[in-house]
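What follows is one structure encoded as C-alpha cells, with my remarks underneath.
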Amino acid sequence: MSSRLPPLNPLRAFEATARRGSVSAAARELNVTHGAISHQIRALELSFNAPLFERGGKRLKLTSQGALLLPAVTNAFEGIAAATAAMTRPTTSGELRIACVPALLSFWMIPRLHQFTEQFPDVQLTLIASNDAANLFSNDVDICLLYGDGNWPDCWARLWSRLELFPVVSPTLVNMRPLRSLRDLRDHVILHGDDGREWNTWLAAATDGTDIQRGRQHFMSDARLSTEAALHNQGVALGDTITAGSLIAKGELIAPFDLTVPANDAFYVSCRNEVRAAPIVKVFIDWLFAALESDPMPELQTSARTIIRARPPKISAPERLPTKDGFQPVSSPARVRRPEPTPKRRAKS
C-alpha cells in the first residue's frame, strides 16, 4: 500500500459506520445517501485491499483489519475537532460544571482544587456531589467523575484510577476501644456506605468465608457519610485507597488490618463526545490525571499487620444484610477476590 494517506471522506464514512453500527445511521449523521456511504467504504477497502466490515446481520461488525484501523481514525478526528475548537475558542475561561462521586469530591478533589484554580483563574467551577451516570446526558453537566465499569453508551470515558477496599477507624476510637483482631469488630459499630456488600466482600476475604459475629451496624447513602462518621469516632467504615488516602496520611484515620480487597469497578472520567473537544473541558481532564499522578497514594498505616492472619473460630452466622434501595455505594464488589498474601501490602491506585 502506498504511504499516501487515504482520502478524508471515505475515512469519515468508515468511522461513522463503525461507531453507529450501520450504513443507514452513518448516512443520516453525515447527511448523505446510503449509497454514498457504501461506495466510500468500498473505495477504502479497495485502497487497503482488505475488507473492513463483516457483512450480514442487522449490525455491521469490524474485521480484524477494521478494528486495527478504527482507533487511529477516531483519534485523528478527535484531534482535528479539538484543534478546531481551540482555534474558535482559544481561551480557557468560562463556567465548567463537574459531577463527582461524593466521597471523591469531598476527600480528594476539594483539598486539591486550589491547584487548578491557581493555574486557570478564569474558570468558574460548579461542583455536584453525585455518582449518577444520567448526568452524562444532561446539558447542565460538562464532566463526570464516576464509579462504575466505564461502559456508558455514546460517551467518551477513560479509566482514572482503580482502588482497593479496607476498614478505616479513628485513632481516638481505637485507643478507647481496642481493635486488635477481627473478633473485636463485634464491639464496634460497622458503618456502611452502601447496602452492605462491600463489608461482606472484605470480611469474606479476611476470614476465608468463616462467619464472625457483628455488633451494631449503621447504613448511610454513600461512602462520604460513612467516612465522616468514622472521623467522628462513630465506628469502623470501609475506605479505599483514593478517598481515604489523605486522611490516613494526616493520621486522622488508620487501617487496623493489613488486608485490602480490589473493588469491583473503578473511577472513570467521562463526558459527552461533543463536549470533549472544548479547551476548558480538556484542561480540567488533563489536570485530573496530572494531579493523581503527581500525588501518589500514601502507604497504609496499619495497626495490626499480623493479627488478621490468625483466623478466628466460627462464632455465629450473622444475618444477611438486606438490600436497601437508593444507596450510591462508592464500590459494590460482586464477588470476593483475595490478593496473594505478602509480608506487607502497599496501597495501590
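FYI, nothing fancy with the C-alpha cells labels: chains A, B, ... in order, residues from 1 per chain, ligands from 1 as they appear.
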
Tell me which protein, DNA and RNA residues are within 6 Å of stretch 153-163 of chain A, counting only C-alpha atoms, leaving out same-chain ones fewer than 3 positions away, and put them as a list of chain:residue names.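 The contact residues come out as A:Thr241, A:Ala263, A:Ala266, A:Phe267, A:Tyr268, A:Val269, A:Ser270, A:Cys271, A:Arg272, A:Asn273, A:Ser349.
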
Using only C-alpha atoms, which residues sit within 12 Å of A:Thr117 once same-chain residues fewer than 4 positions away are excluded, as a list in words?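 Selected residues are Thr92, Ser93, Leu96, Met109, Ile110, Pro111, Arg112, Leu113, Pro121, Asp122, Val123, Gln124, Leu125, Val283, Phe284 and Trp287 of chain A.
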
For the residues in the current selection, export N, CA and C atoms as a compact mmCIF listing (two decimals), in the first residue's frame.
# COMPACT_ATOMS: atom_id res chain seq x y z
N THR A 92 -9.12 29.50 27.79
CA THR A 92 -9.75 28.59 28.73
C THR A 92 -10.38 29.41 29.84
N SER A 93 -11.57 29.86 29.56
CA SER A 93 -12.31 30.66 30.53
C SER A 93 -13.79 30.31 30.41
N LEU A 96 -17.54 25.79 34.16
CA LEU A 96 -17.39 24.36 33.97
C LEU A 96 -18.14 23.65 35.09
N MET A 109 -10.86 15.72 45.67
CA MET A 109 -10.85 16.83 44.74
C MET A 109 -10.81 18.19 45.43
N ILE A 110 -11.69 18.42 46.39
CA ILE A 110 -11.75 19.74 47.03
C ILE A 110 -10.44 20.11 47.72
N PRO A 111 -9.76 19.21 48.43
CA PRO A 111 -8.47 19.60 49.02
C PRO A 111 -7.41 20.01 48.00
N ARG A 112 -7.57 19.61 46.75
CA ARG A 112 -6.58 19.92 45.71
C ARG A 112 -7.08 20.97 44.72
N LEU A 113 -8.27 21.48 44.92
CA LEU A 113 -8.90 22.34 43.93
C LEU A 113 -8.12 23.63 43.69
N PRO A 121 -7.37 30.75 36.56
CA PRO A 121 -8.20 31.61 37.41
C PRO A 121 -9.48 32.10 36.74
N ASP A 122 -9.57 32.00 35.41
CA ASP A 122 -10.76 32.49 34.71
C ASP A 122 -11.82 31.42 34.52
N VAL A 123 -11.60 30.24 35.10
CA VAL A 123 -12.59 29.16 35.01
C VAL A 123 -13.41 29.14 36.29
N GLN A 124 -14.72 29.23 36.15
CA GLN A 124 -15.63 29.15 37.29
C GLN A 124 -16.21 27.74 37.35
N LEU A 125 -16.05 27.09 38.50
CA LEU A 125 -16.47 25.71 38.64
C LEU A 125 -17.79 25.61 39.41
N VAL A 283 -8.61 20.99 29.61
CA VAL A 283 -7.64 21.36 30.64
C VAL A 283 -8.02 20.78 32.00
N PHE A 284 -9.32 20.67 32.28
CA PHE A 284 -9.71 20.10 33.57
C PHE A 284 -9.45 18.59 33.60
N TRP A 287 -5.84 18.08 34.04
CA TRP A 287 -5.45 18.35 35.43
C TRP A 287 -5.81 17.19 36.35

So that I can see what lies close to A:Ala76, please list as an MDAnalysis selection string the residues with an atom at most 12 Å from it, counting only C-alpha atoms and leaving out residues fewer than 4 positions away in the same chain. chainID A and resid 8 11:12 15 69:72 80:83

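We find atom CA of A:Thr207 and atom CA of A:Thr227 to be spaced 23.3 Å apart.
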
To test your reading of the structure, identify every residue in stretch 92-274 of chain A that backbone DSSP assigns to strand (DSSP E or B), and report it as a count of residues only. 55

Using only C-alpha atoms, what table do you get, as JSON lines, when you list each residue of stretch 113-176 of chain A with an atom no more than 12 Å from stretch 182-202 of chain A, its nearest pair of atoms, and their distance in Å rounded to one decimal, rows by chain then rising number?
{"residue": "A:Glu164", "atom": "CA", "partner": "A:Trp202", "partner_atom": "CA", "distance": 10.1}
{"residue": "A:Leu165", "atom": "CA", "partner": "A:Trp202", "partner_atom": "CA", "distance": 7.4}
{"residue": "A:Phe166", "atom": "CA", "partner": "A:Trp202", "partner_atom": "CA", "distance": 7.0}
{"residue": "A:Pro167", "atom": "CA", "partner": "A:Trp202", "partner_atom": "CA", "distance": 8.4}
{"residue": "A:Val168", "atom": "CA", "partner": "A:Leu191", "partner_atom": "CA", "distance": 9.9}
{"residue": "A:Val169", "atom": "CA", "partner": "A:Leu191", "partner_atom": "CA", "distance": 10.0}
{"residue": "A:Ser170", "atom": "CA", "partner": "A:His188", "partner_atom": "CA", "distance": 11.9}
{"residue": "A:Leu173", "atom": "CA", "partner": "A:His188", "partner_atom": "CA", "distance": 9.2}
{"residue": "A:Val174", "atom": "CA", "partner": "A:His188", "partner_atom": "CA", "distance": 9.6}
{"residue": "A:Met176", "atom": "CA", "partner": "A:His188", "partner_atom": "CA", "distance": 10.9}

Output N, CA, C and O atoms for every residue in the selection just made, as an mmCIF file, in the first residue's frame.
data_model
loop_
_atom_site.group_PDB
_atom_site.id
_atom_site.type_symbol
_atom_site.label_atom_id
_atom_site.label_comp_id
_atom_site.auth_asym_id
_atom_site.auth_seq_id
_atom_site.Cartn_x
_atom_site.Cartn_y
_atom_site.Cartn_z
ATOM 1 N N GLU A 164 -8.599 -0.056 46.012
ATOM 2 C CA GLU A 164 -8.679 -1.189 46.918
ATOM 3 C C GLU A 164 -9.474 -0.779 48.151
ATOM 4 O O GLU A 164 -9.476 0.386 48.556
ATOM 5 N N LEU A 165 -10.147 -1.748 48.751
ATOM 6 C CA LEU A 165 -11.014 -1.500 49.897
ATOM 7 C C LEU A 165 -10.404 -2.066 51.174
ATOM 8 O O LEU A 165 -9.794 -3.138 51.154
ATOM 9 N N PHE A 166 -10.609 -1.362 52.299
ATOM 10 C CA PHE A 166 -10.087 -1.815 53.580
ATOM 11 C C PHE A 166 -10.787 -1.036 54.694
ATOM 12 O O PHE A 166 -11.242 0.097 54.484
ATOM 13 N N PRO A 167 -10.880 -1.600 55.902
ATOM 14 C CA PRO A 167 -11.503 -0.879 57.019
ATOM 15 C C PRO A 167 -10.653 0.304 57.457
ATOM 16 O O PRO A 167 -9.422 0.278 57.386
ATOM 17 N N VAL A 168 -11.330 1.357 57.926
ATOM 18 C CA VAL A 168 -10.663 2.536 58.482
ATOM 19 C C VAL A 168 -11.370 2.928 59.774
ATOM 20 O O VAL A 168 -12.585 2.753 59.915
ATOM 21 N N VAL A 169 -10.582 3.473 60.694
ATOM 22 C CA VAL A 169 -11.109 3.846 62.005
ATOM 23 C C VAL A 169 -10.252 4.982 62.545
ATOM 24 O O VAL A 169 -9.081 5.132 62.150
ATOM 25 N N SER A 170 -10.805 5.771 63.429
ATOM 26 C CA SER A 170 -10.033 6.867 64.006
ATOM 27 C C SER A 170 -9.111 6.346 65.103
ATOM 28 O O SER A 170 -9.474 5.416 65.837
ATOM 29 N N LEU A 173 -10.798 6.350 68.594
ATOM 30 C CA LEU A 173 -11.706 5.251 68.914
ATOM 31 C C LEU A 173 -10.941 3.984 69.250
ATOM 32 O O LEU A 173 -11.313 3.249 70.184
ATOM 33 N N VAL A 174 -9.853 3.727 68.524
ATOM 34 C CA VAL A 174 -9.053 2.527 68.809
ATOM 35 C C VAL A 174 -8.422 2.612 70.196
ATOM 36 O O VAL A 174 -8.307 1.610 70.908
ATOM 37 N N MET A 176 -9.742 4.098 72.743
ATOM 38 C CA MET A 176 -10.815 3.902 73.719
ATOM 39 C C MET A 176 -11.332 2.465 73.714
ATOM 40 O O MET A 176 -11.710 1.929 74.754
#

Can you pull out every residue within 12 Å of A:Gln40, counting only C-alpha atoms, but drop anything in the same chain fewer than 6 positions away, and send it as a ChimeraX atom specification? /A:6-17,23,26-27,32-34,46-47,52

Next, write the just-selected residues to a file, as a short mmCIF file (atom, residue, chain, number, x, y, z; two decimals), in the first residue's frame, keeping C-alpha atoms as the atom set.
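Saved as out-v2.cif:
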data_model
loop_
_atom_site.label_atom_id
_atom_site.label_comp_id
_atom_site.auth_asym_id
_atom_site.auth_seq_id
_atom_site.Cartn_x
_atom_site.Cartn_y
_atom_site.Cartn_z
CA PRO A 6 -6.43 7.62 2.18
CA PRO A 7 -8.91 10.37 1.18
CA LEU A 8 -10.78 12.05 4.02
CA ASN A 9 -14.38 11.34 3.01
CA PRO A 10 -14.02 7.52 2.91
CA LEU A 11 -12.35 7.66 6.33
CA ARG A 12 -15.26 9.73 7.68
CA ALA A 13 -17.73 7.25 6.23
CA PHE A 14 -15.82 4.32 7.78
CA GLU A 15 -15.58 5.95 11.22
CA ALA A 16 -19.25 6.93 11.33
CA THR A 17 -20.39 3.49 10.16
CA VAL A 23 -24.61 2.33 6.96
CA ALA A 26 -23.89 6.87 9.23
CA ALA A 27 -25.64 8.28 6.16
CA VAL A 32 -25.54 11.82 2.53
CA THR A 33 -27.24 8.87 0.86
CA HIS A 34 -26.95 5.22 1.86
CA LEU A 46 -10.04 -1.37 -2.25
CA SER A 47 -7.29 1.07 -1.28
CA LEU A 52 -13.17 -3.60 6.88
#

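Note that atom CA of A:Gln65 and atom CA of A:Asn49 are 10.2 Å apart.
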
Mind pulling up the distance from atom CA of A:Asn75 to atom CA of A:Gly56?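 Taking atom CA of A:Gly56 and atom CA of A:Asn75, their separation equals 27.5 Å.
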
I'd like to know which residues of stretch 54-171 of chain A are helix (DSSP H, G or I) (by DSSP, run on the backbone); could you write them as a VMD selection string? chain A and resid 64 to 88 102 to 119 133 to 137 171

Output C-alpha atoms for every residue in the selection just made, as a short mmCIF file (atom, residue, chain, number, x, y, z; two decimals), in the first residue's frame.
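As a result, part-v1.cif now contains:
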data_model
loop_
_atom_site.label_atom_id
_atom_site.label_comp_id
_atom_site.auth_asym_id
_atom_site.auth_seq_id
_atom_site.Cartn_x
_atom_site.Cartn_y
_atom_site.Cartn_z
CA SER A 64 -9.59 -7.58 12.31
CA GLN A 65 -8.26 -5.07 9.77
CA GLY A 66 -11.12 -2.68 10.51
CA ALA A 67 -10.58 -2.98 14.25
CA LEU A 68 -6.92 -2.08 13.72
CA LEU A 69 -7.79 1.00 11.66
CA LEU A 70 -10.66 2.41 13.77
CA PRO A 71 -8.70 3.69 16.85
CA ALA A 72 -6.24 5.59 14.67
CA VAL A 73 -9.03 7.18 12.62
CA THR A 74 -11.06 8.04 15.75
CA ASN A 75 -8.06 9.65 17.45
CA ALA A 76 -7.27 11.62 14.30
CA PHE A 77 -10.78 13.05 14.03
CA GLU A 78 -10.85 13.85 17.75
CA GLY A 79 -7.56 15.71 17.33
CA ILE A 80 -8.95 17.70 14.41
CA ALA A 81 -12.08 18.53 16.42
CA ALA A 82 -10.01 19.63 19.41
CA ALA A 83 -7.79 21.83 17.23
CA THR A 84 -10.83 23.35 15.55
CA ALA A 85 -12.39 24.12 18.92
CA ALA A 86 -9.13 25.65 20.13
CA MET A 87 -8.99 27.91 17.06
CA THR A 88 -12.54 29.16 17.56
CA PRO A 102 -19.46 12.36 46.77
CA ALA A 103 -16.60 10.82 48.77
CA LEU A 104 -14.10 11.51 45.99
CA LEU A 105 -15.29 15.09 45.73
CA SER A 106 -15.01 15.76 49.48
CA PHE A 107 -11.82 13.93 50.35
CA TRP A 108 -9.75 14.12 47.15
CA MET A 109 -10.85 16.83 44.74
CA ILE A 110 -11.75 19.74 47.03
CA PRO A 111 -8.47 19.60 49.02
CA ARG A 112 -6.58 19.92 45.71
CA LEU A 113 -8.90 22.34 43.93
CA HIS A 114 -6.66 25.35 44.56
CA GLN A 115 -4.07 23.77 42.25
CA PHE A 116 -6.48 24.05 39.34
CA THR A 117 -7.89 27.49 40.17
CA GLU A 118 -4.41 28.98 40.54
CA GLN A 119 -3.49 27.68 37.10
CA ALA A 133 -24.49 8.28 35.24
CA ALA A 134 -27.58 10.11 33.98
CA ASN A 135 -25.56 13.32 34.44
CA LEU A 136 -23.58 12.31 31.37
CA PHE A 137 -26.61 13.12 29.22
CA PRO A 171 -7.02 6.51 66.33
#

One residue among A:Lys61, A:Arg28, A:Arg4, A:Arg19 is nearest to A:Phe48 when using only C-alpha atoms, and that residue is A:Arg4

From the set A:Ala204, A:Leu44, A:Leu62, A:Ala50, which residue has the shortest atom-to-atom contact distance to A:Ala18, counting only C-alpha atoms?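 That would be A:Leu62, the residue with the smallest distance to A:Ala18.
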